[in-house]
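S.K.: Take a look at final06.txt, compact mmCIF, C-alpha atoms:
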# COMPACT_ATOMS: atom_id res chain seq x y z
CA MET A 1 46.40 -32.09 -11.26
CA ILE A 2 44.26 -28.96 -10.97
CA ARG A 3 45.96 -27.98 -7.70
CA THR A 4 49.37 -28.21 -9.37
CA TYR A 5 48.12 -26.18 -12.35
CA LEU A 6 46.86 -23.41 -10.03
CA GLY A 7 50.26 -23.06 -8.41
CA MET A 8 52.03 -22.90 -11.78
CA ARG A 9 49.52 -20.36 -13.04
CA ARG A 10 50.00 -17.96 -10.15
CA LEU A 11 53.75 -18.06 -10.66
CA ALA A 12 53.28 -17.35 -14.37
CA LEU A 13 50.97 -14.39 -13.80
CA GLY A 14 53.20 -13.10 -11.02
CA GLY A 15 52.74 -10.74 -8.12
CA ARG A 16 50.75 -10.67 -4.91
CA ARG A 17 47.02 -10.52 -5.34
CA GLN A 18 44.40 -8.47 -3.60
CA PRO A 19 41.31 -10.21 -2.24
CA ASN A 20 39.41 -9.27 -5.40
CA GLY A 21 41.99 -10.91 -7.64
CA ARG A 22 43.90 -7.81 -8.80
CA LYS A 23 47.67 -7.58 -8.57
CA TRP A 24 49.04 -5.00 -6.15
CA LEU A 25 49.85 -1.68 -7.76
CA CYS A 26 53.44 -1.10 -8.77
CA SER A 27 55.76 1.20 -6.80
CA GLN A 28 55.17 4.29 -8.96
CA HIS A 29 51.50 4.20 -7.96
CA LYS A 30 52.17 3.41 -4.31
CA GLY A 31 49.51 5.03 -2.13
CA LYS A 32 47.28 5.80 -5.10
CA ARG A 33 44.39 3.38 -5.03
CA PRO A 34 42.12 3.18 -8.09
CA PRO A 35 38.63 4.61 -7.52
CA LEU A 36 36.69 1.45 -8.41
CA GLU A 37 38.77 -0.96 -6.36
CA GLY A 38 36.48 -3.54 -4.75
CA VAL A 39 33.74 -3.24 -7.40
CA ARG A 40 33.05 -6.61 -9.03
CA VAL A 41 31.96 -6.63 -12.66
CA LEU A 42 30.80 -9.68 -14.60
CA GLU A 43 31.21 -9.02 -18.32
CA LEU A 44 29.15 -11.21 -20.66
CA GLY A 45 29.56 -9.08 -23.77
CA GLN A 46 31.57 -9.78 -26.90
CA LEU A 47 33.20 -7.65 -29.58
CA ILE A 48 33.25 -3.91 -28.80
CA ALA A 49 30.46 -2.02 -27.02
CA GLY A 50 29.94 -4.11 -23.88
CA PRO A 51 33.60 -5.08 -23.51
CA TRP A 52 34.74 -1.46 -23.87
CA ALA A 53 32.58 -0.51 -20.90
CA GLY A 54 34.25 -3.31 -18.95
CA THR A 55 37.70 -2.16 -20.05
CA VAL A 56 37.17 1.38 -18.76
CA LEU A 57 35.90 0.08 -15.42
CA ALA A 58 38.85 -2.34 -15.16
CA TYR A 59 41.32 0.45 -15.95
CA PHE A 60 40.05 2.37 -12.94
CA GLY A 61 40.31 -0.56 -10.58
CA ALA A 62 37.18 -2.71 -10.88
CA ASP A 63 37.68 -6.48 -10.74
CA VAL A 64 36.26 -7.35 -14.17
CA VAL A 65 35.71 -11.01 -14.96
CA LYS A 66 35.19 -11.54 -18.67
CA VAL A 67 33.07 -14.56 -19.53
CA GLU A 68 34.25 -15.93 -22.88
CA PRO A 69 32.72 -18.69 -25.00
CA PRO A 70 34.80 -21.83 -25.61
CA ASN A 71 36.42 -20.31 -28.72
CA GLY A 72 37.03 -16.93 -27.10
CA ASP A 73 35.89 -13.42 -27.97
CA PRO A 74 36.05 -12.86 -31.77
CA ILE A 75 38.10 -9.67 -31.26
CA ARG A 76 41.03 -11.93 -30.40
CA GLY A 77 41.38 -12.64 -34.11
CA TRP A 78 40.42 -9.29 -35.66
CA ARG A 79 42.60 -6.98 -37.76
CA MET A 80 46.39 -7.07 -37.41
CA LEU A 81 47.67 -10.16 -35.58
CA ASP A 82 50.94 -10.83 -33.77
CA GLU A 83 53.12 -13.92 -34.12
CA THR A 84 50.79 -15.92 -31.86
CA GLY A 85 47.75 -15.10 -34.00
CA THR A 86 46.39 -12.71 -31.37
CA SER A 87 45.04 -9.28 -32.30
CA TYR A 88 47.23 -6.35 -31.27
CA TRP A 89 43.95 -4.55 -30.54
CA TRP A 90 42.97 -7.27 -28.07
CA ARG A 91 45.90 -6.53 -25.78
CA GLY A 92 44.50 -3.10 -24.93
CA HIS A 93 40.82 -3.87 -25.46
CA ALA A 94 40.82 -6.63 -22.83
CA ARG A 95 43.42 -5.19 -20.44
CA ASN A 96 43.12 -5.71 -16.68
CA LYS A 97 40.37 -8.33 -17.04
CA ARG A 98 40.40 -11.90 -15.82
CA SER A 99 39.15 -14.39 -18.39
CA ILE A 100 36.97 -17.38 -17.63
CA CYS A 101 35.57 -19.80 -20.18
CA VAL A 102 31.90 -20.75 -19.77
CA ASP A 103 29.58 -22.46 -22.25
CA LEU A 104 26.32 -20.51 -21.92
CA ASN A 105 24.62 -22.99 -24.21
CA THR A 106 24.68 -25.54 -21.40
CA GLU A 107 22.49 -25.49 -18.32
CA GLN A 108 25.54 -26.09 -16.13
CA GLY A 109 27.35 -23.10 -17.67
CA ARG A 110 24.38 -20.82 -17.11
CA GLU A 111 24.20 -21.96 -13.50
CA VAL A 112 27.85 -20.92 -13.03
CA VAL A 113 27.07 -17.47 -14.43
CA LYS A 114 24.06 -17.17 -12.14
CA LYS A 115 26.24 -17.92 -9.12
CA LEU A 116 28.85 -15.39 -10.25
CA ALA A 117 26.13 -12.77 -10.75
CA GLY A 118 25.11 -13.35 -7.15
CA GLU A 119 28.57 -12.15 -6.10
CA SER A 120 28.74 -9.20 -8.54
CA ASP A 121 28.06 -5.49 -8.24
CA VAL A 122 27.63 -5.02 -11.99
CA ILE A 123 26.81 -7.24 -14.96
CA ILE A 124 27.39 -6.11 -18.56
CA GLU A 125 25.83 -7.88 -21.53
CA ASN A 126 25.40 -6.98 -25.19
CA PHE A 127 23.54 -9.95 -26.61
CA ARG A 128 20.45 -9.36 -28.74
CA PRO A 129 17.47 -8.29 -26.58
CA GLY A 130 15.68 -11.31 -25.15
CA LYS A 131 18.64 -13.70 -25.28
CA MET A 132 19.48 -13.38 -21.61
CA GLU A 133 15.83 -14.01 -20.73
CA GLU A 134 15.89 -17.18 -22.86
CA TRP A 135 18.82 -18.35 -20.75
CA LYS A 136 16.95 -17.45 -17.53
CA LEU A 137 19.63 -14.87 -16.84
CA GLY A 138 17.53 -11.74 -17.39
CA PRO A 139 17.24 -8.87 -14.89
CA GLU A 140 14.24 -10.36 -13.09
CA ASP A 141 15.96 -13.74 -12.79
CA LEU A 142 19.11 -12.28 -11.28
CA GLU A 143 17.39 -9.67 -9.12
CA ARG A 144 15.87 -12.49 -7.07
CA ILE A 145 19.31 -13.69 -6.07
CA ASN A 146 21.08 -10.30 -5.96
CA PRO A 147 18.79 -7.26 -5.57
CA GLU A 148 21.85 -4.96 -5.45
CA LEU A 149 22.98 -5.97 -8.94
CA ILE A 150 23.36 -3.23 -11.57
CA TYR A 151 22.32 -4.91 -14.79
CA THR A 152 23.81 -3.15 -17.84
CA ARG A 153 22.44 -3.94 -21.29
CA ILE A 154 23.95 -2.59 -24.52
CA SER A 155 22.21 -3.24 -27.84
CA GLY A 156 21.63 -1.58 -31.18
CA TYR A 157 18.20 -0.09 -30.47
CA GLY A 158 17.51 -0.66 -26.77
CA GLN A 159 15.39 -3.20 -24.95
CA THR A 160 12.01 -1.71 -25.94
CA GLY A 161 10.40 -0.24 -29.05
CA PRO A 162 9.64 -1.57 -32.54
CA TYR A 163 13.34 -1.84 -33.52
CA SER A 164 14.51 -3.56 -30.34
CA LYS A 165 14.70 -7.03 -31.90
CA MET A 166 16.57 -5.85 -35.01
CA PRO A 167 20.29 -6.65 -35.40
CA GLY A 168 22.24 -3.58 -34.32
CA PHE A 169 25.80 -3.17 -35.55
CA ALA A 170 27.49 0.21 -35.13
CA SER A 171 27.74 0.85 -38.88
CA VAL A 172 23.94 0.80 -39.21
CA CYS A 173 23.21 2.45 -35.86
CA GLU A 174 25.52 5.35 -36.73
CA ALA A 175 23.31 5.90 -39.78
CA VAL A 176 20.00 5.57 -37.93
CA GLY A 177 21.36 7.77 -35.13
CA GLY A 178 21.99 10.63 -37.59
CA LEU A 179 25.78 10.77 -37.55
CA ARG A 180 26.26 9.48 -41.08
CA TYR A 181 23.77 12.03 -42.48
CA VAL A 182 25.88 15.00 -41.35
CA ASN A 183 29.26 13.44 -42.12
CA GLY A 184 30.99 13.85 -45.47
CA PHE A 185 30.56 16.14 -48.47
CA PRO A 186 27.19 17.19 -49.95
CA ASP A 187 27.99 15.82 -53.42
CA ARG A 188 29.30 12.41 -52.31
CA PRO A 189 27.97 9.33 -50.53
CA SER A 190 27.88 9.45 -46.74
CA VAL A 191 31.10 8.37 -45.06
CA ARG A 192 32.09 6.97 -41.67
CA PRO A 193 35.30 7.32 -39.69
CA ASN A 194 37.50 4.24 -39.98
CA LEU A 195 36.52 3.30 -36.42
CA SER A 196 33.56 1.70 -34.66
CA MET A 197 32.57 5.00 -33.11
CA GLY A 198 29.02 3.97 -32.24
CA ASP A 199 30.24 0.97 -30.25
CA THR A 200 32.77 3.00 -28.30
CA LEU A 201 30.23 5.72 -27.54
CA ALA A 202 27.73 3.12 -26.34
CA GLY A 203 30.40 1.59 -24.12
CA LEU A 204 31.12 4.99 -22.58
CA GLN A 205 27.41 5.60 -22.01
CA GLY A 206 27.31 2.22 -20.32
CA VAL A 207 30.09 3.37 -17.99
CA ILE A 208 28.20 6.58 -17.20
CA GLY A 209 25.05 4.60 -16.47
CA ILE A 210 26.92 2.15 -14.23
CA LEU A 211 28.56 4.92 -12.21
CA LEU A 212 25.22 6.71 -11.80
CA ALA A 213 23.55 3.49 -10.69
CA LEU A 214 26.36 2.74 -8.22
CA GLN A 215 25.94 6.23 -6.78
CA ALA A 216 22.18 5.78 -6.49
CA ARG A 217 22.61 2.38 -4.85
CA ASN A 218 25.37 3.35 -2.45
CA GLY A 219 24.01 6.78 -1.53
CA ASN A 220 25.57 10.20 -1.04
CA LYS A 221 26.61 11.58 2.31
CA ARG A 222 25.06 14.93 1.30
CA LYS A 223 21.87 13.32 0.03
CA SER A 224 18.58 14.66 1.37
CA LYS A 225 16.97 12.70 4.18
CA ASP A 226 13.84 12.68 2.03
CA ALA A 227 15.61 10.63 -0.66
CA PRO A 228 17.74 7.99 1.08
CA SER A 229 19.46 5.21 -0.83
CA ASP A 230 17.58 1.93 -0.77
CA GLY A 231 20.68 -0.11 -1.58
CA LYS A 232 19.08 -1.62 -4.67
CA GLY A 233 20.45 -2.05 -8.15
CA GLN A 234 18.69 -1.22 -11.42
CA VAL A 235 18.80 -1.84 -15.16
CA VAL A 236 20.99 0.39 -17.34
CA ASP A 237 19.60 0.27 -20.91
CA VAL A 238 22.03 1.61 -23.54
CA ALA A 239 21.27 1.77 -27.28
CA ILE A 240 24.03 2.35 -29.82
CA TYR A 241 21.84 4.54 -32.04
CA GLU A 242 20.94 6.72 -29.02
CA SER A 243 24.58 7.06 -28.05
CA VAL A 244 25.25 8.46 -31.52
CA PHE A 245 22.07 10.55 -31.42
CA SER A 246 23.34 12.24 -28.25
CA LEU A 247 26.11 13.91 -30.33
CA LEU A 248 23.74 15.86 -32.56
CA GLU A 249 23.89 19.15 -30.64
CA GLY A 250 21.22 21.54 -31.97
CA VAL A 251 20.12 19.44 -34.98
CA VAL A 252 16.73 18.47 -33.53
CA SER A 253 15.85 21.91 -32.20
CA GLU A 254 16.88 23.60 -35.45
CA TYR A 255 14.60 21.26 -37.37
CA ASP A 256 11.66 21.71 -35.02
CA GLY A 257 12.06 25.46 -34.64
CA ALA A 258 13.22 26.51 -38.11
CA GLY A 259 12.50 23.52 -40.34
CA VAL A 260 16.20 23.23 -41.21
CA ILE A 261 17.72 19.80 -41.87
CA ARG A 262 21.43 19.99 -41.27
CA GLY A 263 23.41 18.00 -43.82
CA PRO A 264 27.07 17.26 -44.49
CA SER A 265 29.44 20.21 -44.88
CA GLY A 266 32.74 18.59 -45.82
CA SER A 267 35.67 19.95 -43.83
CA THR A 268 33.70 22.87 -42.39
CA LEU A 269 31.16 23.17 -39.58
CA THR A 270 27.76 24.56 -40.56
CA GLY A 271 27.09 27.98 -39.05
CA ILE A 272 30.55 28.47 -37.55
CA VAL A 273 33.21 30.42 -39.52
CA PRO A 274 36.13 30.15 -39.96
CA SER A 275 36.70 26.53 -39.05
CA ASN A 276 38.23 24.65 -41.94
CA LEU A 277 41.12 22.73 -43.43
CA TYR A 278 43.78 24.56 -45.45
CA LYS A 279 46.76 23.26 -47.48
CA GLY A 280 50.30 24.61 -47.12
CA SER A 281 52.95 24.91 -49.79
CA ASP A 282 54.39 21.56 -48.70
CA GLY A 283 51.07 19.82 -49.44
CA LYS A 284 50.21 19.21 -45.78
CA ASP A 285 46.83 20.14 -44.35
CA ILE A 286 46.21 22.12 -41.19
CA ILE A 287 43.03 22.91 -39.29
CA ILE A 288 42.35 26.49 -38.24
CA GLY A 289 39.51 27.30 -35.87
CA ALA A 290 39.16 31.06 -35.42
CA ASN A 291 35.38 31.24 -35.10
CA GLY A 292 35.26 33.56 -32.07
CA ASP A 293 35.17 37.30 -32.71
CA SER A 294 38.46 38.02 -30.93
CA LEU A 295 40.07 34.95 -32.48
CA TYR A 296 39.05 36.06 -35.94
CA SER A 297 40.50 39.52 -35.32
CA ARG A 298 43.81 38.01 -34.17
CA LEU A 299 43.87 35.72 -37.21
CA LEU A 300 43.61 38.74 -39.47
CA ASP A 301 46.46 40.33 -37.49
CA ALA A 302 48.52 37.19 -38.09
CA MET A 303 47.72 37.43 -41.80
CA GLU A 304 48.74 41.11 -41.73
CA ILE A 305 45.33 42.24 -42.98
CA GLY A 306 44.96 46.02 -42.81
CA LYS A 307 42.49 47.68 -40.46
CA GLU A 308 40.40 49.01 -43.36
CA HIS A 309 40.25 45.75 -45.30
CA GLN A 310 36.85 44.28 -46.16
CA LEU A 311 37.61 41.13 -44.15
CA ARG A 312 37.67 43.26 -40.98
CA SER A 313 33.98 44.08 -41.42
CA HIS A 314 32.99 40.48 -40.74
CA ASP A 315 33.21 41.03 -36.99
CA SER A 316 30.40 38.70 -35.91
CA ASN A 317 29.77 35.04 -36.59
CA LYS A 318 26.56 35.91 -38.45
CA LYS A 319 28.47 38.11 -40.86
CA ARG A 320 31.23 35.53 -41.25
CA VAL A 321 28.72 32.80 -42.09
CA GLU A 322 27.24 35.05 -44.78
CA ASN A 323 30.72 35.61 -46.24
CA GLN A 324 32.24 32.18 -45.65
CA GLY A 325 33.49 31.73 -49.21
CA GLU A 326 35.41 34.99 -49.20
CA ILE A 327 36.96 34.30 -45.79
CA ASP A 328 38.00 30.72 -46.57
CA GLU A 329 39.50 31.78 -49.89
CA ALA A 330 41.63 34.45 -48.20
CA ILE A 331 42.85 32.13 -45.45
CA GLY A 332 43.56 29.37 -47.98
CA ALA A 333 45.67 31.69 -50.11
CA TRP A 334 47.63 32.87 -47.06
CA VAL A 335 48.32 29.31 -45.79
CA ALA A 336 49.41 28.20 -49.30
CA MET A 337 52.23 30.79 -49.31
CA ARG A 338 54.48 28.87 -46.89
CA PRO A 339 55.16 25.42 -45.40
CA THR A 340 52.67 24.38 -42.73
CA GLY A 341 55.33 24.44 -40.00
CA GLU A 342 55.96 28.15 -40.55
CA THR A 343 52.23 28.87 -40.63
CA LEU A 344 51.66 27.02 -37.37
CA ASP A 345 54.48 28.98 -35.71
CA ILE A 346 52.82 32.25 -36.73
CA LEU A 347 49.40 31.09 -35.53
CA LYS A 348 50.90 29.96 -32.22
CA THR A 349 52.34 33.43 -31.68
CA PHE A 350 48.86 34.93 -32.13
CA ARG A 351 47.22 32.20 -29.98
CA ILE A 352 45.03 30.87 -32.81
CA PRO A 353 43.74 27.28 -32.37
CA SER A 354 45.40 25.30 -35.15
CA GLY A 355 47.15 22.03 -35.81
CA LEU A 356 48.09 19.27 -38.20
CA ILE A 357 45.90 16.27 -38.92
CA TYR A 358 47.73 13.57 -36.99
CA SER A 359 48.29 10.00 -38.01
CA VAL A 360 49.07 7.44 -35.32
CA GLU A 361 52.75 7.83 -36.22
CA ASP A 362 52.49 11.55 -35.48
CA MET A 363 50.83 10.83 -32.13
CA VAL A 364 53.42 8.29 -30.99
CA ASN A 365 56.25 10.72 -31.74
CA ASP A 366 54.61 13.85 -30.37
CA PRO A 367 56.22 15.21 -27.16
CA HIS A 368 52.89 16.36 -25.74
CA TYR A 369 51.37 12.88 -26.02
CA VAL A 370 54.49 11.46 -24.38
CA ASP A 371 54.52 14.04 -21.59
CA ARG A 372 50.84 13.33 -20.85
CA GLU A 373 51.66 9.60 -20.64
CA MET A 374 49.12 8.65 -23.30
CA PHE A 375 50.98 5.44 -24.14
CA GLU A 376 51.60 2.52 -21.82
CA GLY A 377 53.98 -0.34 -22.44
CA VAL A 378 52.78 -3.84 -21.56
CA GLU A 379 54.81 -7.03 -21.58
CA ILE A 380 53.54 -9.92 -23.72
CA PRO A 381 55.02 -12.93 -21.88
CA GLU A 382 54.85 -15.47 -24.70
CA LEU A 383 56.48 -13.02 -27.13
CA LYS A 384 59.00 -11.77 -24.57
CA LYS A 385 58.57 -8.20 -25.75
CA SER A 386 56.69 -5.02 -24.96
CA LEU A 387 53.73 -3.54 -26.80
CA LYS A 388 52.54 0.05 -26.71
CA ILE A 389 48.82 0.53 -25.97
CA PRO A 390 46.85 3.76 -25.43
CA ALA A 391 46.15 5.03 -21.94
CA ILE A 392 42.51 5.70 -21.03
CA SER A 393 41.37 9.17 -19.98
CA PRO A 394 40.43 11.05 -17.86
CA ARG A 395 43.47 11.53 -15.64
CA LEU A 396 42.72 11.53 -11.92
CA SER A 397 45.24 13.20 -9.62
CA ARG A 398 44.64 11.14 -6.47
CA THR A 399 43.13 7.87 -7.71
CA PRO A 400 44.46 7.34 -11.23
CA GLY A 401 43.69 4.43 -13.50
CA ARG A 402 46.39 2.33 -15.10
CA THR A 403 47.04 -0.82 -17.09
CA VAL A 404 47.94 -3.75 -14.82
CA HIS A 405 48.28 -6.37 -17.55
CA PRO A 406 47.35 -6.77 -21.24
CA GLY A 407 44.42 -8.82 -22.46
CA ARG A 408 44.89 -12.47 -21.56
CA SER A 409 46.62 -14.53 -24.24
CA ALA A 410 44.05 -17.34 -24.14
CA PRO A 411 40.43 -17.57 -22.98
CA GLY A 412 39.87 -19.27 -19.65
CA VAL A 413 43.30 -18.82 -18.06
CA ASP A 414 41.64 -17.35 -14.94
CA THR A 415 38.70 -19.78 -14.69
CA LEU A 416 40.02 -21.68 -11.69
CA ASP A 417 41.14 -18.62 -9.75
CA VAL A 418 37.85 -16.78 -10.28
CA LEU A 419 35.75 -19.73 -9.13
CA GLU A 420 37.90 -19.95 -6.02
CA ASP A 421 37.95 -16.19 -5.34
CA TRP A 422 34.33 -15.35 -6.04
CA LEU A 423 32.53 -18.57 -5.19
CA GLY A 424 34.90 -20.14 -2.70
CA LEU A 425 34.79 -23.47 -4.54
CA GLN A 426 37.09 -26.31 -3.63
CA THR A 427 39.34 -28.06 -6.11
CA ASP A 428 37.11 -31.11 -6.47
CA GLU A 429 34.07 -28.93 -7.15
CA VAL A 430 35.91 -27.05 -9.89
CA GLU A 431 37.18 -30.29 -11.35
CA ALA A 432 33.60 -31.60 -11.55
CA MET A 433 32.49 -28.46 -13.44
CA VAL A 434 35.33 -28.90 -15.92
CA GLU A 435 34.48 -32.54 -16.50
CA GLU A 436 30.78 -31.86 -17.14
CA GLY A 437 31.62 -29.12 -19.66
CA ALA A 438 30.18 -26.19 -17.70
CA VAL A 439 33.52 -24.37 -17.65
CA ARG A 440 36.90 -24.71 -19.31
CA HIS A 441 40.37 -23.62 -18.39
CA ARG A 442 43.60 -23.14 -20.29
CA LYS A 443 47.15 -22.96 -19.13
CA VAL A 444 48.99 -19.67 -19.30
CA PRO A 445 50.95 -19.58 -22.60
CA GLN A 446 54.68 -19.74 -21.95
Could you express the structure from this file as structure tokens?
M.R.:
Amino acid sequence: MIRTYLGMRRLALGGRRQPNGRKWLCSQHKGKRPPLEGVRVLELGQLIAGPWAGTVLAYFGADVVKVEPPNGDPIRGWRMLDETGTSYWWRGHARNKRSICVDLNTEQGREVVKKLAGESDVIIENFRPGKMEEWKLGPEDLERINPELIYTRISGYGQTGPYSKMPGFASVCEAVGGLRYVNGFPDRPSVRPNLSMGDTLAGLQGVIGILLALQARNGNKRKSKDAPSDGKGQVVDVAIYESVFSLLEGVVSEYDGAGVIRGPSGSTLTGIVPSNLYKGSDGKDIIIGANGDSLYSRLLDAMEIGKEHQLRSHDSNKKRVENQGEIDEAIGAWVAMRPTGETLDILKTFRIPSGLIYSVEDMVNDPHYVDREMFEGVEIPELKKSLKIPAISPRLSRTPGRTVHPGRSAPGVDTLDVLEDWLGLQTDEVEAMVEEGAVRHRKVPQ
């Protein structure tokens, strides 16, 4: 029965497969191999931070196997859902990954993960610190069977320190990391963007750490003979609050050197003028950033400000900061005289950085986004229709990333293939694992 299911499944997923389980690239990418092809990643994370790191690696060619619990990753059911009850977000968030279903609460399931880790280059986990050790799947446990393994851990506060055991969701870590303190208006409660920014930042830092660790393990042909690669892996320890903290620019140094605590500044940027939001006669807002000396001079030219006008005397950022109110008032009055489209045309002529505040509808219909191929269409087989998902940057000229397939429609549809590909198991061995509850598989939704 399992052998028959495997054949049906391969037909449903379609395409020839590379040895690492990825489909061959389509004709438009012929000859352009992704940079991480051949890198095996075992993803044990759920929700956002850990999985986003896996998504970026998968986009650029890594063979990412996502280990899901029996009920699947919770993101499958978050926010807006399609007709099948699957999150639209999931389709892009889990793209290019193969899904296997393993019950980590069973000894047999943990043994499967241990065997898969032995065949992996990278493992990603974002459980609470200590959980993997409780399961005997911590770095020391897995290093004994795979010393080359790069063990990536993403948590709220890191693996050490007095806060390490605390629950760490992005909403709180963004506050502890300082972002929420500088975001918003001085006379109102702190605000957050309507996104899980801390999780995404932590995922990206995880990617950076993984790539650095791969480079250290694999060596560099220009590396000094005094510092050869030893071929060993290492632990990458990422904390969400530290990922947010890394955005704070000069905040720490300004406090230590001058005793200044930077706070929220609304739509402006403290110490940089002019950089603000202004409303046109049509009620639309535009952003103008003319905070360089030459930019400011050109902005005044665009506004037809005379050479002897007081505004011309603010020819350095220090002077502009001291006279911010006067400058913003003058720019605001000028922008309010006409529709924003006309204002933007004038500013474009004078090469002044400016633009509208885009909604997703604006992005999808913008010719620049389209020309830069920032949207990719993926087919959802069970819905028999296409869905637009965002591309992932950066763009690479010779070895670009791309979406091969959307997030799997059900957890565990790749369980049998992965156990064959990575572990070389026979059908009867896989069948025994299924029967004892160590792993589960699901048919591809039709």
S.K.: Hey, which of A:Glu429, A:Glu342, A:Asp73, A:Glu254 ends up closest to Val112 (chain A)? Count all atoms listed in the file.
M.R.: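 The closest residue to Val112 (chain A) is A:Glu429.
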S.K.: With all atoms listed in the file counted, which protein, DNA or RNA residues have an atom no more than 7 Å from (29.8, -25.9, -16.4) in the file frame? Please answer as a list in words.
M.R.: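 Final list of nearby residues, as requested, is Val102, Asp103, Gln108, Gly109, Val112, Met433, Val434, Glu436, Gly437, Ala438 and Val439 of chain A.
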S.K.: List the spatial neighbours of Ser354 (chain A) as a ChimeraX atom specification - criterion: any atom at most 12 Å away, only C-alpha atoms, same-chain residues fewer than 6 positions off excluded.
M.R.: /A:274-278,285-291,295,299,335,340-341,343-348
S.K.: What lies within 8 Å of Ser196 (chain A) using all atoms listed in the file, ignoring chain neighbours under 3 positions off, as a list in words?
M.R.: Ala170, Ser171, Pro193, Asp199 and Thr200 of chain A
S.K.: When you look at Lys284 (chain A) with a cut-off of 9 Å (counting all atoms listed in the file), what residues show up, excluding the ones that are within fewer than 2 positions of it in the same chain? I need them as a VMD selection string.
M.R.: chain A and resid 278 to 282 286 339 to 340 356 to 357
S.K.: From the list A:Arg144, A:Arg408, A:His314, A:Lys165, which residue is nearest Gly118 (chain A) when using all atoms listed in the file?
M.R.: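 Nearest to Gly118 (chain A): A:Arg144.
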S.K.: Find the residue from A:Met197, A:Val65, A:Leu248, A:Leu269 that sits nearest to Phe185 (chain A); use all atoms listed in the file when measuring.
M.R.: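 Ranking A:Met197, A:Val65, A:Leu248, A:Leu269 by distance to Phe185 (chain A), first place goes to A:Leu269.
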